[in-house]
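Engineer: Handing you this structure, nothing more for now.
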Amino acid sequence: MRILGINAIFHDPAAALVIDGQVVAAAEEERFNRRERGKRPVPFSAWEQPVLAAGWCLDRAGLSPGEIDLVGFSYDPSMVLPPEESGLDDPWDPLRTEFAFHAPGFLADALPGLDPDRVRFVPHHVAHAASAALAVRDRACSVLVCDGRGERHSHLSGRFQDGALTVLSSQPLPHSLGLMYEGLTEHLGFLRARDEHEVIALGAYGKPRHLDRLRAAVRVHDDGGFTTDPIPWSELAPPLRRDAGDGHATVGATVPAAGGPAGRDPRRGVRAAGDQAAYGRALGQAHADLAASVQRRLEEVLLDLAWWLHERTGDRLLTMAGSTALNCVANTFLARYGPFEDVWVPPGAGDAGTALGAALYLAAEAGDPAWAMDGADLGREFDDTAIESALRRARVPFERPDDVAEQAAEVLAEHGIVAWFQGRGEFGPRALGHRSLLAHPGRRANVDRLNDVKGYERFQPLAPMVRLDRAAEIFERGPIPSPYMLFVHDVAAQWQDRIPAVVHVDGTARVQTVNPVEEPLLTRLLDAFERRTGLPLLVNSSLSTAGRPMIDDVRDALELFGAAPVDLLAIGPFTVRR
C-alpha cells in the first residue's frame, strides 16, 4: 500500500509517505515555504495544505499523485462538536471544521491526479498515538497523548497491540493541559502555539510559589481524565504584551536571580541577576515563578495520568506524543518517577508527526509490515553535485577538504561557530546534527554569541550533543540513549565548570546522544573536537535564526551564512569560510 499522510488543520503542516509499511519520507511544510511553523494556527488558515512537502514526498519515491492508494488526513471533522457544546469560545472555529470537510477536494486540486475518494479522516489524537506507538519495535505498549486540542478532546490514554489501538480514556474539551500552557505563554508576552519552549526555559529561574492554587484549578480524576479550570493569570503575575513588529514582548528587566524550583538543586556558582544578560522582555521574578508553578503542576498531572494508565496495562513501555510530549522537563519527570520501565517520544511529537501517524495507522489497518524508527533523518538531502553547483552559482569561494569533520573541528576548537548541513534533514523541531549550528561548550560567552546568531532570548539554554558511549560519565539522572533531544539530564558536578555553555541555570542539559553506528560523520566530528580540546561534546542548536524555520535547502544555507556571523559553513563535503 502507498499511503500519503497529511497534517494541515492547526499548525505544523506536514506530509509523510509510507509504502508497504515502511516510511519513505516525512517533511514539514515550513522547510519548503519558509514560514515558521508552516502557517499561523487560526481557523482562516485551515484550508492550506502541505502541498510542497507532499509533492517532495511523492518525488522522493518517484510516484505521481494518481498512484497513491490512500491518504490519511489527521483530523476527522465529523467528530467536532459545535462551539457551544465543546466549551471553546472561538466563534470562527466552525470555519476550521468546514475546511476540513473540503480537504479531499483541496488536496486533489493541489496534487492533480489524486483521487479525493481515497482520503480517509484519521482522528487527530489517534494519529498522534500512532506516530509514537507504531514507530517502536515493541508490538505492545501504552500510549499517552496530550496537546492543546483535537476534534473534541485534548488527551488520549490507550494501548497499542499488534497495530490495533484500544482507547482507555480521553478528556473532552474545554479542559486541556496544552491550552493551559498556551494561555500562560501568551500571558508572558510570547506567541502561543510557538514559544512554549521559552516558557519551559524561564521556569528554571523560578520557584513554584503558586503550586497550591494551581493544584486547586487543575485536578486529576479517577477515570483517567482531568479538569483545568480557568486560571486568573494576572493575579499571579503582571501580563506582558508583544510588540506588533517582531513578536517580542516589551524590553524591560533582567533575568531574575537563579534559585531553581523547590526540590531541585541549582547549578553551583550560577551567575546572579546582575551578571546575566537582559531577557529582552519585561520579565521578572514573578513571571519566572509562575512559569515554574505551571510547569510543576503539568508534571504532576502527567505523572498521575501515567500511573492510571500503567495500572490498566502493566506495560513496560510508555510512548508519548502531542505537543506536551515536546516538554523535555516533563518527559524526564515521567521517566524518573513514573511506573513505566521505559519512556519513548518520537522526534515529531507535535502536530507535524500526525502526518506520519495517520499514514502508519492506515498501513497497520491494511496489514502492512510494522516499521520501527531508527532516526529522524526522513527529509530532503542533496548530493555532492547539486551542492557544488549551488556553490558555483552563488560565486562564493569554497573548498573540498580531505575530511570536512576535521576542518570543522579545527574551527570549533578555536571557538568559531559552524553551520553544519549534512545528509537528510530532520523530521520534527529538533536539530539533531544534520541541520545544526555548532559551537564550543567550554566557554559561557559562546552561548551569547550563538544566541546573537540566532536572535534568541539570552535565557534560552543550548543543548549538547555527545557520543552515546561517553554520555553516562557526564550526564546523570536521565534516559540514555537520548537520540532525539527530548529529555533533560543533570550535569555531573565535575563537568559543570568544564562545559558551561550547555548547563542551564538549574544544572541540567537537554542531551542528544550520538550513536557511532547510525551517525558516523557526527562521531568523527566529536572525536576530532575531543582530540583538540579534551571535551567529547559540542553545543548543538538548530540551523535557523529567530522567526525563521530550520534551514533545509542549500540556497537557504548560503543565505544564512551570508547574513549571520558564522565562521564556517560545512555543507556536504565542502566548506565555505567567512
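We label chains A, B, ... in the order they appear in the C-alpha cells, count residues from 1 in each chain, and number ligands from 1 in the order shown.
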Find the residues near Trp420 (chain A): any atom within 9 Å, counting only C-alpha atoms, skip ones fewer than 6 places away on the same chain, and give them as a ChimeraX atom specification.
Structural biologist: /A:408,433-438,543,568-572
Engineer: As a PyMOL selection string, list the residues of region 158-363 of chain A assigned to alpha helix (DSSP H) by DSSP on the backbone atoms of this structure.
Structural biologist: chain A and resi 177-187+196-203+211-217+233-236+285-313+328-337+353-363
Engineer: With the cut-off set at 12 Å and counting only C-alpha atoms, tabulate each residue of region 321-434 of chain A with an atom at most that distance from an atom of region 161-178 of chain A, showing the nearest atom pair and its distance in Å to one decimal, ordered by chain and increasing number, as CSV.
Structural biologist:
```
residue,atom,partner,partner_atom,distance
A:Gly322,CA,A:Gly178,CA,8.9
A:Ser323,CA,A:Gly178,CA,7.2
A:Thr324,CA,A:Gly178,CA,6.4
A:Ala325,CA,A:Gly178,CA,10.1
A:Leu326,CA,A:Gly178,CA,11.0
A:Asn327,CA,A:Gly178,CA,10.6
A:Gly350,CA,A:Gly178,CA,11.3
A:Gly357,CA,A:Gly163,CA,11.8
A:Leu360,CA,A:Gly163,CA,9.1
A:Tyr361,CA,A:Gly163,CA,7.7
A:Leu362,CA,A:Gly163,CA,9.8
A:Ala363,CA,A:Gly163,CA,9.0
A:Ala364,CA,A:Gly163,CA,5.4
A:Glu365,CA,A:Gly163,CA,7.4
A:Ala366,CA,A:Gly163,CA,10.0
A:Gly367,CA,A:Gly163,CA,8.4
A:Asp368,CA,A:Gly163,CA,9.6
A:Pro369,CA,A:Gly163,CA,9.7
A:Ala370,CA,A:Gly163,CA,7.9
A:Trp371,CA,A:Gly163,CA,10.4
```
Engineer: Between CA of Phe340 (chain A) and CA of His310 (chain A), what is the distance in Å, rounded to a tenth?
Structural biologist: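 If I compute the distance from CA of Phe340 (chain A) to CA of His310 (chain A), I get 7.1 Å.
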Engineer: How far is it from CA of Ser482 (chain A) to CA of Val503 (chain A), in Å with one decimal?
Structural biologist: 16.7 Å
Engineer: Rank A:Val396, A:Leu58, A:Leu468, A:Leu535 by their smallest atom-to-atom distance to Glu518 (chain A), using only C-alpha atoms, and report the top residue only.
Structural biologist: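 Between A:Val396, A:Leu58, A:Leu468, A:Leu535, the residue approaching Glu518 (chain A) most closely is A:Leu468.
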Engineer: Taking only C-alpha atoms into account, name the residue in A:Ala330, A:Val301, A:Ile499, A:Leu412 that is nearest to Arg443 (chain A).
Structural biologist: A:Ile499
Engineer: Give the answer as one residue: which of A:Val466, A:Leu356, A:Ala132, A:Val126 has the shortest atom-to-atom distance to Gly5 (chain A), using only C-alpha atoms?
Structural biologist: A:Leu356
Engineer: Give me the residues within 10 Å of Leu184 (chain A) as a ChimeraX atom specification, counting only C-alpha atoms and dropping any in the same chain fewer than 2 places off.
Structural biologist: /A:178-182,186-190,192,196,199,231,233,239,287,290-291,294
Engineer: Using N, CA, C and O atoms, can you export the residues from the last selection as a PDB file, in the first residue's frame?
Structural biologist:
```pdb
ATOM      1  N   GLY A 178      -2.652  21.416  27.269  1.00  0.00           N
ATOM      2  CA  GLY A 178      -1.960  22.172  26.239  1.00  0.00           C
ATOM      3  C   GLY A 178      -2.475  23.592  26.119  1.00  0.00           C
ATOM      4  O   GLY A 178      -1.694  24.545  25.995  1.00  0.00           O
ATOM      5  N   LEU A 179      -3.803  23.771  26.152  1.00  0.00           N
ATOM      6  CA  LEU A 179      -4.369  25.118  26.071  1.00  0.00           C
ATOM      7  C   LEU A 179      -4.025  25.932  27.316  1.00  0.00           C
ATOM      8  O   LEU A 179      -3.824  27.149  27.236  1.00  0.00           O
ATOM      9  N   MET A 180      -3.932  25.260  28.464  1.00  0.00           N
ATOM     10  CA  MET A 180      -3.485  25.952  29.673  1.00  0.00           C
ATOM     11  C   MET A 180      -2.081  26.513  29.475  1.00  0.00           C
ATOM     12  O   MET A 180      -1.807  27.688  29.768  1.00  0.00           O
ATOM     13  N   TYR A 181      -1.187  25.700  28.946  1.00  0.00           N
ATOM     14  CA  TYR A 181       0.195  26.138  28.753  1.00  0.00           C
ATOM     15  C   TYR A 181       0.275  27.226  27.683  1.00  0.00           C
ATOM     16  O   TYR A 181       1.057  28.173  27.806  1.00  0.00           O
ATOM     17  N   GLU A 182      -0.552  27.109  26.639  1.00  0.00           N
ATOM     18  CA  GLU A 182      -0.594  28.159  25.629  1.00  0.00           C
ATOM     19  C   GLU A 182      -1.066  29.481  26.227  1.00  0.00           C
ATOM     20  O   GLU A 182      -0.565  30.557  25.878  1.00  0.00           O
ATOM     21  N   GLU A 186       1.032  33.047  26.197  1.00  0.00           N
ATOM     22  CA  GLU A 186       0.518  34.337  25.716  1.00  0.00           C
ATOM     23  C   GLU A 186       0.551  35.390  26.818  1.00  0.00           C
ATOM     24  O   GLU A 186       0.887  36.558  26.567  1.00  0.00           O
ATOM     25  N   HIS A 187       0.227  35.015  28.028  1.00  0.00           N
ATOM     26  CA  HIS A 187       0.228  35.950  29.145  1.00  0.00           C
ATOM     27  C   HIS A 187       1.620  36.528  29.385  1.00  0.00           C
ATOM     28  O   HIS A 187       1.763  37.694  29.792  1.00  0.00           O
ATOM     29  N   LEU A 188       2.648  35.724  29.146  1.00  0.00           N
ATOM     30  CA  LEU A 188       4.025  36.159  29.368  1.00  0.00           C
ATOM     31  C   LEU A 188       4.601  36.924  28.175  1.00  0.00           C
ATOM     32  O   LEU A 188       5.792  37.249  28.169  1.00  0.00           O
ATOM     33  N   GLY A 189       3.776  37.206  27.180  1.00  0.00           N
ATOM     34  CA  GLY A 189       4.233  38.020  26.065  1.00  0.00           C
ATOM     35  C   GLY A 189       4.880  37.246  24.950  1.00  0.00           C
ATOM     36  O   GLY A 189       5.459  37.839  24.040  1.00  0.00           O
ATOM     37  N   PHE A 190       4.764  35.933  24.978  1.00  0.00           N
ATOM     38  CA  PHE A 190       5.281  35.098  23.905  1.00  0.00           C
ATOM     39  C   PHE A 190       4.145  34.737  22.953  1.00  0.00           C
ATOM     40  O   PHE A 190       2.965  34.968  23.251  1.00  0.00           O
ATOM     41  N   ARG A 192       1.694  32.219  21.428  1.00  0.00           N
ATOM     42  CA  ARG A 192       1.134  30.923  21.786  1.00  0.00           C
ATOM     43  C   ARG A 192       1.227  29.957  20.623  1.00  0.00           C
ATOM     44  O   ARG A 192       1.266  30.357  19.457  1.00  0.00           O
ATOM     45  N   GLU A 196       6.295  28.014  23.486  1.00  0.00           N
ATOM     46  CA  GLU A 196       6.185  27.332  24.772  1.00  0.00           C
ATOM     47  C   GLU A 196       7.545  26.880  25.310  1.00  0.00           C
ATOM     48  O   GLU A 196       7.746  26.793  26.528  1.00  0.00           O
ATOM     49  N   VAL A 199       8.950  29.361  27.664  1.00  0.00           N
ATOM     50  CA  VAL A 199       8.352  29.338  28.996  1.00  0.00           C
ATOM     51  C   VAL A 199       8.964  28.220  29.836  1.00  0.00           C
ATOM     52  O   VAL A 199       9.209  28.384  31.040  1.00  0.00           O
ATOM     53  N   ILE A 231      -7.657  29.960  34.809  1.00  0.00           N
ATOM     54  CA  ILE A 231      -6.665  30.460  35.765  1.00  0.00           C
ATOM     55  C   ILE A 231      -6.539  31.974  35.588  1.00  0.00           C
ATOM     56  O   ILE A 231      -6.272  32.442  34.482  1.00  0.00           O
ATOM     57  N   TRP A 233      -4.515  34.516  35.371  1.00  0.00           N
ATOM     58  CA  TRP A 233      -3.077  34.734  35.249  1.00  0.00           C
ATOM     59  C   TRP A 233      -2.635  36.072  35.837  1.00  0.00           C
ATOM     60  O   TRP A 233      -1.584  36.163  36.488  1.00  0.00           O
ATOM     61  N   PRO A 239       0.603  40.831  33.259  1.00  0.00           N
ATOM     62  CA  PRO A 239       0.643  40.419  31.857  1.00  0.00           C
ATOM     63  C   PRO A 239       1.672  41.223  31.083  1.00  0.00           C
ATOM     64  O   PRO A 239       1.997  42.364  31.442  1.00  0.00           O
ATOM     65  N   HIS A 287       7.176  36.405  36.987  1.00  0.00           N
ATOM     66  CA  HIS A 287       6.886  35.637  35.772  1.00  0.00           C
ATOM     67  C   HIS A 287       7.609  34.293  35.794  1.00  0.00           C
ATOM     68  O   HIS A 287       7.049  33.267  35.387  1.00  0.00           O
ATOM     69  N   LEU A 290       5.743  32.012  38.158  1.00  0.00           N
ATOM     70  CA  LEU A 290       4.515  31.499  37.557  1.00  0.00           C
ATOM     71  C   LEU A 290       4.825  30.390  36.567  1.00  0.00           C
ATOM     72  O   LEU A 290       4.148  29.348  36.544  1.00  0.00           O
ATOM     73  N   ALA A 291       5.847  30.583  35.735  1.00  0.00           N
ATOM     74  CA  ALA A 291       6.239  29.541  34.782  1.00  0.00           C
ATOM     75  C   ALA A 291       6.655  28.270  35.511  1.00  0.00           C
ATOM     76  O   ALA A 291       6.294  27.154  35.110  1.00  0.00           O
ATOM     77  N   VAL A 294       3.417  26.451  36.898  1.00  0.00           N
ATOM     78  CA  VAL A 294       2.638  25.743  35.885  1.00  0.00           C
ATOM     79  C   VAL A 294       3.385  24.512  35.404  1.00  0.00           C
ATOM     80  O   VAL A 294       2.803  23.437  35.211  1.00  0.00           O
TER      81      VAL A 294
END
```
Engineer: With the cut-off set at 8 Å and counting only C-alpha atoms, tabulate each residue of region 446-558 of chain A with an atom at most that distance from an atom of region 380-393 of chain A, showing the nearest atom pair and its distance in Å to one decimal, ordered by chain and increasing number, as a Markdown table.
Structural biologist:
```
| residue | atom | partner | partner_atom | distance |
| --- | --- | --- | --- | --- |
| A:Asp552 | CA | A:Arg380 | CA | 7.2 |
| A:Val554 | CA | A:Ile387 | CA | 6.6 |
| A:Arg555 | CA | A:Ala390 | CA | 7.0 |
```
Engineer: Would you output that residue set with all heavy atoms, as a PDB file, in the first residue's frame?
Structural biologist:
```pdb
ATOM      1  N   ASP A 552      16.774  24.062   5.305  1.00  0.00           N
ATOM      2  CA  ASP A 552      16.702  22.718   4.727  1.00  0.00           C
ATOM      3  C   ASP A 552      16.968  22.736   3.231  1.00  0.00           C
ATOM      4  O   ASP A 552      16.558  21.831   2.514  1.00  0.00           O
ATOM      5  CB  ASP A 552      15.331  22.090   5.012  1.00  0.00           C
ATOM      6  CG  ASP A 552      15.335  20.579   4.808  1.00  0.00           C
ATOM      7  OD1 ASP A 552      16.339  19.945   5.168  1.00  0.00           O
ATOM      8  OD2 ASP A 552      14.347  20.046   4.273  1.00  0.00           O
ATOM      9  N   VAL A 554      20.067  24.155   0.192  1.00  0.00           N
ATOM     10  CA  VAL A 554      21.430  24.678   0.029  1.00  0.00           C
ATOM     11  C   VAL A 554      21.405  26.192  -0.128  1.00  0.00           C
ATOM     12  O   VAL A 554      22.216  26.913   0.477  1.00  0.00           O
ATOM     13  CB  VAL A 554      22.106  24.013  -1.189  1.00  0.00           C
ATOM     14  CG1 VAL A 554      23.491  24.605  -1.399  1.00  0.00           C
ATOM     15  CG2 VAL A 554      22.193  22.505  -1.000  1.00  0.00           C
ATOM     16  N   ARG A 555      20.477  26.712  -0.903  1.00  0.00           N
ATOM     17  CA  ARG A 555      20.408  28.155  -1.114  1.00  0.00           C
ATOM     18  C   ARG A 555      20.120  28.884   0.199  1.00  0.00           C
ATOM     19  O   ARG A 555      20.722  29.925   0.488  1.00  0.00           O
ATOM     20  CB  ARG A 555      19.327  28.485  -2.142  1.00  0.00           C
ATOM     21  CG  ARG A 555      19.236  29.975  -2.482  1.00  0.00           C
ATOM     22  CD  ARG A 555      18.191  30.231  -3.542  1.00  0.00           C
ATOM     23  NE  ARG A 555      16.859  29.880  -3.076  1.00  0.00           N
ATOM     24  CZ  ARG A 555      15.753  30.010  -3.814  1.00  0.00           C
ATOM     25  NH1 ARG A 555      15.849  30.457  -5.056  1.00  0.00           N
ATOM     26  NH2 ARG A 555      14.581  29.677  -3.318  1.00  0.00           N
TER      27      ARG A 555
END
```
Engineer: Name the residues in contact with Val488 (chain A) at a cut-off of 6 Å, using only C-alpha atoms, excluding same-chain residues fewer than 2 positions from it; report them as a list in words.
Structural biologist: Cys328, Val329, Ala509 and Arg510 of chain A
Engineer: Any chance you could export the current selection's N, CA, C and O atoms as a PDB file, in the first residue's frame?
Structural biologist:
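Contents of the output file again22.pdb:
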```pdb
ATOM      1  N   CYS A 328      10.544  18.679  27.408  1.00  0.00           N
ATOM      2  CA  CYS A 328      11.617  17.766  27.817  1.00  0.00           C
ATOM      3  C   CYS A 328      11.685  17.592  29.328  1.00  0.00           C
ATOM      4  O   CYS A 328      12.011  16.509  29.824  1.00  0.00           O
ATOM      5  N   VAL A 329      11.403  18.668  30.060  1.00  0.00           N
ATOM      6  CA  VAL A 329      11.480  18.600  31.518  1.00  0.00           C
ATOM      7  C   VAL A 329      10.392  17.672  32.049  1.00  0.00           C
ATOM      8  O   VAL A 329      10.631  16.836  32.930  1.00  0.00           O
ATOM      9  N   ALA A 509      20.891  19.761  31.362  1.00  0.00           N
ATOM     10  CA  ALA A 509      21.171  19.938  29.941  1.00  0.00           C
ATOM     11  C   ALA A 509      20.235  19.046  29.150  1.00  0.00           C
ATOM     12  O   ALA A 509      19.889  17.940  29.594  1.00  0.00           O
ATOM     13  N   ARG A 510      19.807  19.530  27.998  1.00  0.00           N
ATOM     14  CA  ARG A 510      18.932  18.758  27.104  1.00  0.00           C
ATOM     15  C   ARG A 510      19.833  18.025  26.125  1.00  0.00           C
ATOM     16  O   ARG A 510      20.336  18.592  25.160  1.00  0.00           O
TER      17      ARG A 510
END
```
Engineer: Using only C-alpha atoms, determine which residues lie at most 12 Å from Asp93 (chain A), disregarding the query and same-chain residues fewer than 2 positions distant; provide the list as an NGL selection string.
Structural biologist: :A and (9-10 or 41-46 or 77 or 80-84 or 86-91 or 95-100 or 151-152)
Engineer: Excluding Val491 (chain A) and any residue of its chain fewer than 5 positions from it, enumerate the residues within 9 Å of it, using only C-alpha atoms, and give them as a short mmCIF file (atom, residue, chain, number, x, y, z; two decimals) with N, CA, C and O atoms, in the first residue's frame.
Structural biologist:
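The resulting part.cif:
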```
data_model
loop_
_atom_site.label_atom_id
_atom_site.label_comp_id
_atom_site.auth_asym_id
_atom_site.auth_seq_id
_atom_site.Cartn_x
_atom_site.Cartn_y
_atom_site.Cartn_z
N ARG A 267 22.48 25.03 39.78
CA ARG A 267 23.89 24.83 39.44
C ARG A 267 24.78 25.64 40.37
O ARG A 267 24.53 26.80 40.65
N ILE A 474 29.07 12.03 31.94
CA ILE A 474 28.91 13.48 32.01
C ILE A 474 27.50 13.87 32.47
O ILE A 474 27.31 14.85 33.20
N PHE A 475 26.51 13.07 32.07
CA PHE A 475 25.11 13.43 32.33
C PHE A 475 24.44 12.33 33.16
O PHE A 475 24.57 11.15 32.86
N GLU A 476 23.69 12.77 34.16
CA GLU A 476 23.11 11.85 35.15
C GLU A 476 21.59 12.01 35.20
O GLU A 476 21.03 13.01 34.76
N ARG A 477 20.93 11.00 35.77
CA ARG A 477 19.51 11.06 36.10
C ARG A 477 18.63 11.43 34.90
O ARG A 477 17.72 12.24 35.00
N GLN A 496 30.47 20.51 35.28
CA GLN A 496 29.71 21.74 35.10
C GLN A 496 30.59 22.94 34.74
O GLN A 496 30.22 23.75 33.88
N VAL A 503 25.07 24.14 30.20
CA VAL A 503 24.47 23.90 31.51
C VAL A 503 23.44 24.99 31.79
O VAL A 503 23.77 26.17 31.85
N GLY A 507 21.17 23.46 36.46
CA GLY A 507 22.16 22.39 36.45
C GLY A 507 21.87 21.26 35.49
O GLY A 507 22.50 20.20 35.57
N THR A 508 20.93 21.46 34.58
CA THR A 508 20.55 20.41 33.64
C THR A 508 21.01 20.74 32.23
O THR A 508 21.42 21.87 31.93
N ALA A 509 20.89 19.76 31.36
CA ALA A 509 21.17 19.94 29.94
C ALA A 509 20.23 19.05 29.15
O ALA A 509 19.89 17.94 29.59
#
```
Engineer: Would you tabulate, counting only C-alpha atoms, all residues of region 332-421 of chain A that have an atom at most 6 Å from an atom of region 65-75 of chain A, showing the closest pair of atoms and their distance in Å to one decimal, sorted by chain then ascending number, as CSV?
Structural biologist:
```
residue,atom,partner,partner_atom,distance
A:Thr354,CA,A:Ser74,CA,5.8
A:Ala358,CA,A:Gly72,CA,5.0
A:Ala359,CA,A:Gly72,CA,5.3
```
Engineer: So which residues touch His125 (chain A) within 7 Å, counting only C-alpha atoms, skipping near sequence neighbours fewer than 6 positions away, as a list of chain:residue names?
Structural biologist: A:Val145, A:Gly150, A:Leu156
Engineer: Between A:Leu134, A:Val51, A:Leu305, A:Val404, which residue has the minimum interatomic distance to Asp109 (chain A), considering only C-alpha atoms?
Structural biologist: A:Val51
Engineer: Suppose you want the space between CA of Ala546 (chain A) and CA of Gly478 (chain A); what is it in Å?
Structural biologist: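 Atom-to-atom, CA of Ala546 (chain A) to CA of Gly478 (chain A), that is 29.0 Å.
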Engineer: For Gly455 (chain A), which residue out of A:Pro565, A:Pro238, A:Gly38, A:Pro230 is the nearest one, using only C-alpha atoms?
Structural biologist: A:Pro565
